[in-house]
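Q: Just one file: query33.txt, with compact mmCIF, C-alpha atoms.
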```txt
# COMPACT_ATOMS: atom_id res chain seq x y z
CA MET A 1 0.00 0.00 0.00
CA GLU A 2 1.34 3.40 -0.97
CA PHE A 3 1.03 5.96 1.80
CA ARG A 4 1.43 9.66 1.18
CA LEU A 5 1.74 12.22 3.97
CA SER A 6 -0.31 15.35 3.69
CA HIS A 7 0.91 18.76 4.85
CA GLU A 8 -2.53 19.62 6.21
CA PRO A 9 -2.77 18.84 9.96
CA ALA A 10 -6.30 17.38 9.85
CA GLN A 11 -5.65 15.26 6.80
CA PHE A 12 -2.31 14.09 8.28
CA ARG A 13 -4.04 13.05 11.50
CA ASP A 14 -6.75 11.13 9.61
CA ALA A 15 -4.19 9.43 7.40
CA MET A 16 -2.16 8.32 10.44
CA MET A 17 -5.26 6.90 12.10
CA ARG A 18 -6.20 4.93 8.96
CA PHE A 19 -2.63 3.63 8.65
CA SER A 20 -2.52 2.49 12.27
CA GLN A 21 -5.86 0.72 11.88
CA GLU A 22 -4.84 -1.02 8.70
CA HIS A 23 -1.28 -1.81 9.83
CA PRO A 24 -1.37 -1.92 13.65
CA GLN A 25 1.91 -3.88 14.09
CA THR A 26 3.89 -1.62 11.74
CA ALA A 27 2.55 1.50 13.46
CA ALA A 28 3.42 0.14 16.92
CA ARG A 29 6.97 -0.69 15.85
CA ALA A 30 7.41 2.80 14.35
CA ALA A 31 6.10 4.47 17.50
CA LEU A 32 8.42 2.36 19.69
CA ALA A 33 11.39 3.26 17.49
CA VAL A 34 10.62 6.98 17.88
CA VAL A 35 10.35 6.66 21.67
CA LEU A 36 13.62 4.69 21.95
CA ALA A 37 15.44 7.23 19.77
CA ALA A 38 14.23 10.07 22.00
CA LEU A 39 15.31 8.22 25.18
CA LEU A 40 18.78 7.46 23.81
CA ALA A 41 19.28 11.07 22.77
CA GLY A 42 18.26 12.26 26.24
CA CYS A 43 20.59 9.81 28.01
CA ALA A 44 23.52 10.92 25.86
CA GLU A 45 22.88 14.56 26.74
CA PHE A 46 22.56 13.71 30.45
CA ARG A 47 25.61 11.42 30.62
CA GLU A 48 28.04 14.01 29.23
CA PRO A 49 27.38 16.73 31.89
CA VAL A 50 27.59 14.13 34.65
CA ARG A 51 30.94 12.89 33.33
CA GLU A 52 32.25 16.46 33.10
CA ALA A 53 30.99 17.25 36.61
CA ARG A 54 32.75 14.23 38.07
CA GLU A 55 36.11 14.97 36.45
CA PRO A 56 37.07 17.67 39.02
CA GLU A 57 36.07 15.29 41.84
CA ARG A 58 38.41 12.60 40.50
CA ASP A 59 41.20 15.14 40.04
CA ALA A 60 40.76 16.41 43.61
CA SER A 61 40.73 12.88 45.02
CA ALA A 62 43.92 12.05 43.12
CA ALA A 63 45.60 15.19 44.45
CA VAL A 64 44.71 14.23 48.02
CA ARG A 65 46.06 10.70 47.56
CA GLN A 66 49.29 11.97 46.02
CA ALA A 67 49.91 14.72 48.64
CA PRO A 68 52.89 13.80 50.88
CA ALA A 69 52.29 13.30 54.57
CA ALA A 70 53.08 16.39 56.64
CA ASP A 71 56.09 16.33 58.92
CA PRO A 72 54.92 17.32 62.45
CA ALA A 73 58.28 18.95 63.07
CA THR A 74 57.80 21.33 60.13
CA THR A 75 54.12 22.19 60.46
CA THR A 76 54.47 24.31 63.58
CA ALA A 77 54.44 28.07 63.21
CA LYS A 78 57.78 29.65 62.42
CA PRO A 79 59.29 31.33 65.49
CA PRO A 80 59.50 35.13 65.43
CA VAL A 81 62.90 36.74 65.04
CA GLY A 82 64.22 37.75 68.47
CA THR A 83 64.63 41.43 67.63
CA VAL A 84 64.65 44.14 70.27
CA PRO A 85 61.58 46.40 69.82
CA ARG A 86 62.50 49.49 67.84
CA ALA A 87 61.10 51.87 70.47
CA LEU A 88 63.34 50.28 73.09
CA ALA A 89 66.44 49.92 70.94
CA HIS A 90 66.33 53.62 70.00
CA ALA A 91 65.07 54.95 73.32
CA ARG A 92 66.31 58.47 74.03
CA ALA A 93 65.19 58.64 77.64
CA PRO A 94 67.09 56.56 80.20
CA VAL A 95 65.69 53.06 80.60
CA ARG A 96 65.72 51.45 84.02
CA ALA A 97 68.21 48.61 84.17
CA LEU A 98 66.75 45.14 84.52
CA SER A 99 66.91 43.21 87.78
CA LEU A 100 65.44 39.71 87.78
CA ARG A 101 65.84 36.29 89.29
CA ALA A 102 64.15 33.52 87.31
CA GLN A 103 64.23 29.74 87.44
CA CYS A 104 61.55 27.79 85.62
CA SER A 105 60.82 25.12 83.05
CA GLY A 106 57.94 24.03 80.87
CA ARG A 107 56.90 21.69 78.07
CA ASP A 108 53.95 21.87 75.70
CA GLN A 109 51.80 19.05 74.29
CA ALA A 110 53.97 18.75 71.18
CA GLY A 111 57.05 18.05 73.31
CA TYR A 112 58.71 21.46 72.93
CA GLY A 113 60.42 22.23 76.22
CA GLU A 114 62.47 25.01 77.78
CA GLN A 115 64.38 25.41 81.02
CA ILE A 116 66.16 28.51 82.29
CA ALA A 117 67.97 29.86 85.33
CA LEU A 118 68.67 33.58 84.97
CA THR A 119 69.92 36.21 87.37
CA VAL A 120 70.25 39.86 86.37
CA SER A 121 71.14 42.63 88.80
CA ASP A 122 71.01 46.27 87.69
CA GLY A 123 71.46 45.13 84.09
CA TRP A 124 74.44 42.84 84.75
CA VAL A 125 73.95 39.13 84.10
CA GLY A 126 75.25 36.94 86.92
CA GLN A 127 73.76 33.64 85.79
CA LEU A 128 72.46 32.21 82.53
CA GLU A 129 71.77 28.52 82.07
CA ALA A 130 69.15 27.75 79.45
CA SER A 131 68.23 24.70 77.41
CA ILE A 132 65.57 24.21 74.76
CA ASP A 133 64.32 20.87 73.39
CA VAL A 134 62.82 20.82 69.89
CA PRO A 135 60.89 17.62 69.04
CA ARG A 136 62.56 15.49 66.34
CA ARG A 137 65.27 18.12 65.78
CA GLY A 138 67.42 18.18 68.88
CA SER A 139 68.27 20.58 71.67
CA CYS A 140 70.09 23.87 72.22
CA SER A 141 71.87 25.12 75.34
CA PHE A 142 73.17 28.51 76.42
CA GLN A 143 75.70 29.06 79.22
CA LEU A 144 76.91 32.42 80.48
CA ALA A 145 80.55 31.32 80.13
CA GLN A 146 80.03 31.13 76.35
CA PHE A 147 79.23 34.85 76.15
CA ARG A 148 80.56 38.29 76.99
CA GLN A 149 78.22 41.11 77.96
CA THR A 150 78.28 44.17 75.71
CA LYS A 151 75.15 46.05 76.87
CA ARG A 152 73.22 46.45 80.11
CA THR A 153 70.69 49.13 79.07
CA PRO A 154 68.26 49.87 77.41
CA PHE A 155 68.48 46.09 76.89
CA VAL A 156 70.95 43.40 77.90
CA GLU A 157 73.14 42.03 75.15
CA LEU A 158 75.41 38.99 75.30
CA LEU A 159 77.66 38.11 72.35
CA ALA A 160 79.28 34.73 71.83
CA ARG A 161 82.97 34.61 72.67
CA ARG A 162 83.74 32.32 69.76
CA GLU A 163 85.63 34.18 67.04
CA GLY A 164 83.56 34.85 63.94
CA SER A 165 80.32 33.88 65.66
CA ARG A 166 77.17 35.95 65.14
CA CYS A 167 75.34 34.32 68.04
CA ALA A 168 73.80 36.78 70.49
CA VAL A 169 71.35 36.63 73.39
CA ARG A 170 69.35 39.78 74.10
CA ILE A 171 67.14 40.36 77.10
CA TRP A 172 64.59 43.16 77.44
CA THR A 173 61.51 44.16 79.39
CA GLN A 174 58.10 45.23 78.09
CA GLY A 175 55.51 45.74 80.78
CA ASP A 176 55.39 42.58 82.90
CA ARG A 177 57.14 40.50 80.26
CA VAL A 178 60.86 39.76 80.03
CA THR A 179 62.06 38.28 76.75
CA VAL A 180 65.23 36.20 76.41
CA ALA A 181 65.93 35.96 72.69
CA PRO A 182 68.86 34.09 71.11
CA THR A 183 69.64 34.95 67.47
CA ASP A 184 71.97 33.28 64.94
CA CYS A 185 72.92 30.64 67.50
CA GLN A 186 72.90 27.46 65.41
CA GLU A 187 76.27 26.56 66.92
CA MET A 188 74.65 26.22 70.34
CA CYS A 189 72.46 23.36 69.11
CA VAL A 190 73.17 19.70 68.41
CA SER A 191 71.72 20.29 64.93
CA PRO A 192 71.45 23.53 62.94
CA ARG A 193 67.84 22.59 62.10
CA ALA A 194 66.97 22.66 65.78
CA PHE A 195 67.62 26.39 66.05
CA GLU A 196 65.19 27.06 63.20
CA SER A 197 62.39 26.16 65.61
CA VAL A 198 63.70 27.91 68.74
CA TRP A 199 61.34 30.51 70.22
CA PRO A 200 62.39 33.35 72.55
CA ILE A 201 61.84 32.49 76.22
CA ALA A 202 59.19 34.63 77.91
CA LEU A 203 59.36 35.32 81.65
CA SER A 204 57.27 37.25 84.15
CA ALA A 205 59.09 40.39 85.25
CA ARG A 206 57.30 40.21 88.60
CA THR A 207 57.68 36.55 89.57
CA GLY A 208 60.37 35.23 87.22
CA SER A 209 58.14 32.34 86.15
CA CYS A 210 57.86 31.07 82.58
CA LEU A 211 54.98 32.48 80.55
```
What would you get if you wrote out this structure as structure tokens?

A:
Amino acid sequence: MEFRLSHEPAQFRDAMMRFSQEHPQTAARAALAVVLAALLAGCAEFREPVREAREPERDASAAVRQAPAADPATTTAKPPVGTVPRALAHARAPVRALSLRAQCSGRDQAGYGEQIALTVSDGWVGQLEASIDVPRRGSCSFQLAQFRQTKRTPFVELLARREGSRCAVRIWTQGDRVTVAPTDCQEMCVSPRAFESVWPIALSARTGSCL
């Protein structure tokens, strides 16, 4: 049977109805083919955005798996440089000389520990025995016999006696806080890497206890 499609909507509808009545199996197969084609086209359009959306997730997961494990000894905050405050270093008015007697020790949860015995009278250091333990890096120690005093006010300054050394220990007061800050003292440690994680020692000017 020859079947011609009409461009008129009503005639096209009537022709399709007659065709489906006369050839029900052929019409059903044609309708099923149209539905399947539409479904396949929709799945293809849906699958592509999903694939593209999951690509960043896979990339992020791979980056996490490939990231090296952090070293606890290197993830702590970098210690501040033990520099005398500018206002104190360039003070024009006389600064009262430090007098302090301190003996204390402490250790934090990460294992970082410090111990110090310090005696200062009218700006002159009579005793300095300090040790600092840095987890997984080693320890550093400072003894008064290793230094010569070059300043007593507005801050105390001790320079290493060793020729060519840049190691210095400076001590100053700000309010109720006394800071004992070694700088460039890698030679005072069992390992140069240990000094990279050494913090200034903070003491109470009133009680001499560790802060």

Q: If I take CA of Thr153 in chain A and CA of Trp172 in chain A, how far is one from the other in Å, to one decimal?

A: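 Rounded to one decimal, the two atoms are 8.7 Å apart.
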
Q: Find the distance between CA of Ala117 in chain A and CA of Val198 in chain A and write it in Å to one decimal.

A: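 If I compute the distance from CA of Ala117 in chain A to CA of Val198 in chain A, I get 17.2 Å.
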
Q: To one decimal in Å, tell me the separation between CA of Ser209 in chain A and CA of Cys185 in chain A.

A: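 Here the two named atoms are 23.9 Å from each other.
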
Q: Within 6 Å of (74.3, 37.0, 72.5) (file coordinates; only C-alpha atoms), which protein or nucleic acid residues are there? I'd like them as a list of chain:residue names.

A: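 Every residue inside that radius is included here: A:Glu157, A:Leu158, A:Leu159, A:Ala160, A:Cys167, A:Ala168, A:Val169, A:Arg170.
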
Q: Only C-alpha atoms, please: the residues just picked out, written as a CSV table (one decimal), in the frame of the given file.

A:
```
chain,number,residue,atom,x,y,z
A,157,GLU,CA,73.1,42.0,75.2
A,158,LEU,CA,75.4,39.0,75.3
A,159,LEU,CA,77.7,38.1,72.4
A,160,ALA,CA,79.3,34.7,71.8
A,167,CYS,CA,75.3,34.3,68.0
A,168,ALA,CA,73.8,36.8,70.5
A,169,VAL,CA,71.4,36.6,73.4
A,170,ARG,CA,69.4,39.8,74.1
```

Q: Using the file's own x, y and z axes, so that the box edges lie along x, y and z, what centre and edge lengths in Å (one decimal) does a box around every listed atom of range 99-115 of chain A get when 3 Å is added on each side? Give it as JSON.

A:
```
{"center_x": 59.4, "center_y": 30.6, "center_z": 80.2, "size_x": 21.1, "size_y": 31.2, "size_z": 24.1}
```

Q: Excluding Leu100 in chain A and its own-chain neighbours fewer than 5 positions away, which residues fall within 8 Å of it when counting all atoms listed in the file? Please give them as a ChimeraX atom specification.

A: /A:118-121,205,208

Q: Neighbourhood query: residues within 12 Å of (65.2, 43.4, 83.8), file coordinates, counting only C-alpha atoms; return as a ChimeraX atom specification.

A: /A:95-102,118-125,152-157,170-180,203-208

Q: My list of candidates is A:Asp184, A:Pro85, A:Ser165, A:Gly113. Which is closest to Gly138 in chain A when distances are computed with all atoms listed in the file?

A: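 Nearest candidate to Gly138 in chain A out of A:Asp184, A:Pro85, A:Ser165, A:Gly113: A:Gly113.
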
Q: So which residues touch Arg137 in chain A within 10 Å, counting all atoms listed in the file, skipping near sequence neighbours fewer than 2 positions away, as a list of chain:residue names?

A: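 The contact residues come out as A:Ala73, A:Thr74, A:Asp133, A:Val134, A:Pro135, A:Ser139, A:Cys140, A:Cys189, A:Val190, A:Ser191, A:Pro192, A:Arg193, A:Ala194, A:Phe195, A:Glu196, A:Ser197.
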
Q: What lies within 9 Å of Ile201 in chain A using only C-alpha atoms, ignoring chain neighbours under 6 positions off, as a list in words?

A: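 Close residues of Ile201 in chain A: Glu114, Gln115, Ile116, Val178, Thr179, Val180, Ala181, Pro182, Cys210 and Leu211 of chain A.
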
Q: Complete range 114-138 of chain A with N, CA and C atoms (output as a compact mmCIF listing (two decimals), in the coordinates of the input).

A:
```txt
# COMPACT_ATOMS: atom_id res chain seq x y z
N GLU A 114 61.45 24.02 77.48
CA GLU A 114 62.47 25.01 77.78
C GLU A 114 62.73 25.04 79.28
N GLN A 115 63.96 25.33 79.62
CA GLN A 115 64.38 25.41 81.02
C GLN A 115 65.40 26.53 81.13
N ILE A 116 65.26 27.37 82.17
CA ILE A 116 66.16 28.51 82.29
C ILE A 116 66.38 28.88 83.75
N ALA A 117 67.61 29.26 84.04
CA ALA A 117 67.97 29.86 85.33
C ALA A 117 68.71 31.15 84.98
N LEU A 118 68.14 32.29 85.38
CA LEU A 118 68.67 33.58 84.97
C LEU A 118 68.67 34.54 86.16
N THR A 119 69.80 35.19 86.33
CA THR A 119 69.92 36.21 87.37
C THR A 119 70.52 37.46 86.75
N VAL A 120 69.79 38.57 86.88
CA VAL A 120 70.25 39.86 86.37
C VAL A 120 70.11 40.88 87.49
N SER A 121 71.16 41.62 87.76
CA SER A 121 71.14 42.63 88.80
C SER A 121 71.61 43.96 88.22
N ASP A 122 70.72 44.94 88.22
CA ASP A 122 71.01 46.27 87.69
C ASP A 122 71.60 46.19 86.27
N GLY A 123 71.06 45.26 85.49
CA GLY A 123 71.46 45.13 84.09
C GLY A 123 72.64 44.21 83.85
N TRP A 124 73.29 43.75 84.92
CA TRP A 124 74.44 42.84 84.75
C TRP A 124 74.00 41.40 84.98
N VAL A 125 74.35 40.54 84.02
CA VAL A 125 73.95 39.13 84.10
C VAL A 125 74.94 38.38 84.96
N GLY A 126 74.41 37.74 86.03
CA GLY A 126 75.25 36.94 86.92
C GLY A 126 75.11 35.46 86.69
N GLN A 127 73.99 35.06 86.06
CA GLN A 127 73.76 33.64 85.79
C GLN A 127 72.88 33.48 84.55
N LEU A 128 73.28 32.59 83.68
CA LEU A 128 72.46 32.21 82.53
C LEU A 128 72.73 30.75 82.22
N GLU A 129 71.73 29.93 82.43
CA GLU A 129 71.77 28.52 82.07
C GLU A 129 70.41 28.19 81.44
N ALA A 130 70.42 28.00 80.16
CA ALA A 130 69.15 27.75 79.45
C ALA A 130 69.31 26.59 78.49
N SER A 131 68.25 25.81 78.37
CA SER A 131 68.23 24.70 77.41
C SER A 131 66.84 24.64 76.79
N ILE A 132 66.82 24.29 75.51
CA ILE A 132 65.57 24.21 74.76
C ILE A 132 65.56 22.89 73.98
N ASP A 133 64.48 22.15 74.10
CA ASP A 133 64.32 20.87 73.39
C ASP A 133 63.30 21.05 72.27
N VAL A 134 63.71 20.73 71.05
CA VAL A 134 62.82 20.82 69.89
C VAL A 134 62.51 19.40 69.42
N PRO A 135 61.24 18.99 69.43
CA PRO A 135 60.89 17.62 69.04
C PRO A 135 61.43 17.25 67.66
N ARG A 136 62.07 16.09 67.59
CA ARG A 136 62.56 15.49 66.34
C ARG A 136 63.68 16.30 65.68
N ARG A 137 64.19 17.32 66.37
CA ARG A 137 65.27 18.12 65.78
C ARG A 137 66.48 18.23 66.69
N GLY A 138 66.28 18.09 67.98
CA GLY A 138 67.42 18.18 68.88
C GLY A 138 67.23 19.26 69.93
```
